[in-house]
Amino acid sequence: MLYNVVVMEDSYYKIYKPYGYLSQFVNNQNKRKNKKLLSELFDLPENIMAVGRLDEKSEGLLLLTTDGKFSNHITSSKVEKEYHLMVDGVITEEQIEVLKTGVEISVNAKPYLTKPCQAELLKDTSHIVERFVREEKHGPTSWLKIILTEGKFRQVRKMTAKIGFPTLRLVRVRIGDYRLEMMKPEDIKTISY
């Protein structure tokens with residue numbers, strides 16, 4: 001007897017995950033009952049998954065796929081992730097150097113020293129979609145560019161908080177060769193792998 005075997009093509013997308021959404025499509029937890037999910041924005045294949053995560057208050061580039069090998073490659077330490085972030089206060093070059101060499105944060109309630117990373121002041125933010133964060137009367141802010149090859153839970157936020165500059169806004173603009181470019185929140189594009 002012959003069987004028809006249907007080979008499903010894997011799907012690959014990049015999206016601009018908006019602020020306030022979880023990086024998931026199905027809500028399996030009662031405590032997250034009222035949270036906004038990506039499935040409210042996009043009608044995608046049933047077995048789609050986010051490659052890595054951006055927390056609810058973070059925004060920007062998120063890759064989606066049905067291909068587990070692609071997901072494993074992208075989340076590996078071989079692939080750089082670039083973040084542009086607004087921090088509370090006026091950060092100095094000395095403090096940026098501390099970020100570059102690694103800071104001790106908590107991961108799963110244990111101390112963890114972050115790997116060396118690239119970090120610098122971000123002077124041009126014209127590519128970042130405007131969004132209200134807070135009133136200017138609450139003090140000055142600085143924009144940074146941080147490039148990591150690791151991705152611990154809320155790592156960037158923990159790193160800047162550790163040196164006294166809480167992150168007010170975090171936008172991921174690049175994952176490896178995939179870039180946010182001029183995408184706007186809720187935009188989606190098919191990509192190739």
# chains A, B, ... in the order shown; residues from 1 in each chain; ligands from 1
call {"tool": "residues_around", "arguments": {"residues": "Lys78 in chain A", "least_positions_apart": "6", "cutoff": "10 Å", "atoms": "only C-alpha atoms", "output": "list in words"}}
result
Thr149, Glu150 and Gly176 of chain A
call {"tool": "write_last_selection", "arguments": {"atoms": "N, CA and C atoms", "output": "short mmCIF file (atom, residue, chain, number, x, y, z; two decimals), in the first residue's frame"}}
result
data_model
loop_
_atom_site.label_atom_id
_atom_site.label_comp_id
_atom_site.auth_asym_id
_atom_site.auth_seq_id
_atom_site.Cartn_x
_atom_site.Cartn_y
_atom_site.Cartn_z
N THR A 149 26.04 37.92 23.19
CA THR A 149 25.99 36.59 22.55
C THR A 149 25.36 35.59 23.51
N GLU A 150 24.72 36.09 24.55
CA GLU A 150 24.00 35.23 25.49
C GLU A 150 22.67 35.90 25.77
N GLY A 176 21.70 38.34 14.84
CA GLY A 176 22.57 37.85 13.76
C GLY A 176 22.49 38.79 12.58
#
call {"tool": "residues_around", "arguments": {"residues": "Leu99 in chain A", "least_positions_apart": "2", "cutoff": "8 Å", "atoms": "only C-alpha atoms", "output": "list in words"}}
result
Gln95, Ile96, Glu97, Thr101, Gly102, Val103, Pro116, Cys117, Ala119, Met159, Thr160 and Ile163 of chain A
call {"tool": "write_last_selection", "arguments": {"atoms": "all heavy atoms", "output": "mmCIF file, in the first residue's frame"}}
result
data_model
loop_
_atom_site.group_PDB
_atom_site.id
_atom_site.type_symbol
_atom_site.label_atom_id
_atom_site.label_comp_id
_atom_site.auth_asym_id
_atom_site.auth_seq_id
_atom_site.Cartn_x
_atom_site.Cartn_y
_atom_site.Cartn_z
ATOM 1 N N GLN A 95 31.128 53.780 33.278
ATOM 2 C CA GLN A 95 30.069 52.816 33.583
ATOM 3 C C GLN A 95 29.800 51.885 32.399
ATOM 4 O O GLN A 95 29.503 50.709 32.589
ATOM 5 C CB GLN A 95 28.799 53.563 34.014
ATOM 6 C CG GLN A 95 28.992 54.199 35.379
ATOM 7 C CD GLN A 95 28.252 55.504 35.546
ATOM 8 O OE1 GLN A 95 27.973 56.216 34.587
ATOM 9 N NE2 GLN A 95 27.934 55.836 36.788
ATOM 10 N N ILE A 96 29.936 52.410 31.195
ATOM 11 C CA ILE A 96 29.784 51.568 30.003
ATOM 12 C C ILE A 96 30.896 50.521 29.966
ATOM 13 O O ILE A 96 30.663 49.366 29.603
ATOM 14 C CB ILE A 96 29.751 52.433 28.723
ATOM 15 C CG1 ILE A 96 28.456 53.256 28.702
ATOM 16 C CG2 ILE A 96 29.855 51.561 27.476
ATOM 17 C CD1 ILE A 96 28.367 54.282 27.596
ATOM 18 N N GLU A 97 32.113 50.892 30.373
ATOM 19 C CA GLU A 97 33.225 49.933 30.429
ATOM 20 C C GLU A 97 32.915 48.779 31.387
ATOM 21 O O GLU A 97 33.265 47.633 31.125
ATOM 22 C CB GLU A 97 34.536 50.627 30.843
ATOM 23 C CG GLU A 97 35.169 51.463 29.750
ATOM 24 C CD GLU A 97 35.485 50.674 28.478
ATOM 25 O OE1 GLU A 97 36.000 49.541 28.575
ATOM 26 O OE2 GLU A 97 35.185 51.186 27.381
ATOM 27 N N THR A 101 32.834 44.638 30.386
ATOM 28 C CA THR A 101 33.676 43.583 30.966
ATOM 29 C C THR A 101 32.861 42.501 31.659
ATOM 30 O O THR A 101 33.347 41.407 31.880
ATOM 31 C CB THR A 101 34.682 44.169 31.973
ATOM 32 O OG1 THR A 101 33.963 44.903 32.961
ATOM 33 C CG2 THR A 101 35.675 45.086 31.290
ATOM 34 N N GLY A 102 31.600 42.813 31.990
ATOM 35 C CA GLY A 102 30.737 41.831 32.649
ATOM 36 C C GLY A 102 30.367 42.290 34.044
ATOM 37 O O GLY A 102 31.188 42.854 34.759
ATOM 38 N N VAL A 103 29.113 42.062 34.406
ATOM 39 C CA VAL A 103 28.634 42.402 35.741
ATOM 40 C C VAL A 103 27.959 41.180 36.348
ATOM 41 O O VAL A 103 27.486 40.298 35.637
ATOM 42 C CB VAL A 103 27.648 43.599 35.725
ATOM 43 C CG1 VAL A 103 28.335 44.870 35.298
ATOM 44 C CG2 VAL A 103 26.447 43.329 34.851
ATOM 45 N N PRO A 116 31.708 39.121 28.593
ATOM 46 C CA PRO A 116 32.036 40.426 27.996
ATOM 47 C C PRO A 116 31.123 40.691 26.797
ATOM 48 O O PRO A 116 30.751 39.768 26.069
ATOM 49 C CB PRO A 116 33.484 40.260 27.559
ATOM 50 C CG PRO A 116 34.033 39.219 28.486
ATOM 51 C CD PRO A 116 32.890 38.270 28.726
ATOM 52 N N CYS A 117 30.757 41.955 26.622
ATOM 53 C CA CYS A 117 29.848 42.319 25.532
ATOM 54 C C CYS A 117 30.305 43.637 24.922
ATOM 55 O O CYS A 117 31.227 44.273 25.422
ATOM 56 C CB CYS A 117 28.419 42.438 26.055
ATOM 57 S SG CYS A 117 28.157 43.840 27.171
ATOM 58 N N ALA A 119 29.308 47.480 24.173
ATOM 59 C CA ALA A 119 28.388 48.493 24.693
ATOM 60 C C ALA A 119 28.935 49.869 24.352
ATOM 61 O O ALA A 119 30.145 50.094 24.405
ATOM 62 C CB ALA A 119 28.228 48.347 26.209
ATOM 63 N N MET A 159 21.568 43.921 33.988
ATOM 64 C CA MET A 159 22.913 44.497 33.850
ATOM 65 C C MET A 159 22.903 46.003 34.106
ATOM 66 O O MET A 159 23.730 46.519 34.851
ATOM 67 C CB MET A 159 23.472 44.203 32.448
ATOM 68 C CG MET A 159 23.870 42.760 32.228
ATOM 69 S SD MET A 159 24.254 42.406 30.475
ATOM 70 C CE MET A 159 25.772 43.355 30.257
ATOM 71 N N THR A 160 21.965 46.717 33.491
ATOM 72 C CA THR A 160 21.959 48.176 33.663
ATOM 73 C C THR A 160 21.523 48.560 35.077
ATOM 74 O O THR A 160 22.045 49.512 35.642
ATOM 75 C CB THR A 160 21.069 48.882 32.615
ATOM 76 O OG1 THR A 160 19.710 48.491 32.792
ATOM 77 C CG2 THR A 160 21.541 48.572 31.202
ATOM 78 N N ILE A 163 24.418 48.459 37.641
ATOM 79 C CA ILE A 163 25.355 49.587 37.695
ATOM 80 C C ILE A 163 24.631 50.908 37.990
ATOM 81 O O ILE A 163 25.210 51.976 37.842
ATOM 82 C CB ILE A 163 26.223 49.688 36.425
ATOM 83 C CG1 ILE A 163 25.366 49.960 35.181
ATOM 84 C CG2 ILE A 163 27.083 48.435 36.244
ATOM 85 C CD1 ILE A 163 26.166 50.457 33.994
#
call {"tool": "residues_around", "arguments": {"residues": "range 124-130 of chain A", "least_positions_apart": "6", "cutoff": "10 Å", "atoms": "only C-alpha atoms", "output": "ChimeraX atom specification"}}
result
/A:60,84-86,143-144,171,173,180-185
call {"tool": "atom_distance", "arguments": {"atom1": "CA of Lys33 in chain A", "atom2": "CA of Val156 in chain A"}}
result
26.5 Å
call {"tool": "residues_around", "arguments": {"residues": "Gly20 in chain A", "least_positions_apart": "5", "cutoff": "7 Å", "atoms": "only C-alpha atoms", "output": "PyMOL selection string"}}
result
chain A and resi 36+56-57
call {"tool": "closest_atom_pairs", "arguments": {"of": "range 27-70 of chain A", "to": "range 15-19 of chain A", "cutoff": "12 Å", "atoms": "only C-alpha atoms", "output": "Markdown table"}}
result
| residue | atom | partner | partner_atom | distance |
| --- | --- | --- | --- | --- |
| A:Lys35 | CA | A:Tyr19 | CA | 11.8 |
| A:Lys36 | CA | A:Tyr19 | CA | 10.0 |
| A:Leu37 | CA | A:Lys17 | CA | 10.1 |
| A:Leu38 | CA | A:Lys17 | CA | 7.9 |
| A:Ser39 | CA | A:Lys17 | CA | 11.5 |
| A:Glu40 | CA | A:Pro18 | CA | 11.8 |
| A:Leu41 | CA | A:Lys17 | CA | 9.6 |
| A:Phe42 | CA | A:Ile15 | CA | 9.6 |
| A:Leu44 | CA | A:Ile15 | CA | 11.8 |
| A:Ala50 | CA | A:Ile15 | CA | 10.0 |
| A:Val51 | CA | A:Ile15 | CA | 11.1 |
| A:Arg53 | CA | A:Lys17 | CA | 10.0 |
| A:Leu54 | CA | A:Lys17 | CA | 8.0 |
| A:Asp55 | CA | A:Tyr19 | CA | 8.8 |
| A:Glu56 | CA | A:Tyr19 | CA | 6.4 |
| A:Lys57 | CA | A:Tyr19 | CA | 5.4 |
| A:Ser58 | CA | A:Tyr19 | CA | 5.7 |
| A:Glu59 | CA | A:Tyr19 | CA | 5.0 |
| A:Gly60 | CA | A:Tyr16 | CA | 4.7 |
| A:Leu61 | CA | A:Tyr16 | CA | 5.0 |
| A:Leu62 | CA | A:Ile15 | CA | 5.4 |
| A:Leu63 | CA | A:Ile15 | CA | 6.4 |
| A:Leu64 | CA | A:Ile15 | CA | 7.7 |
| A:Thr65 | CA | A:Ile15 | CA | 11.1 |
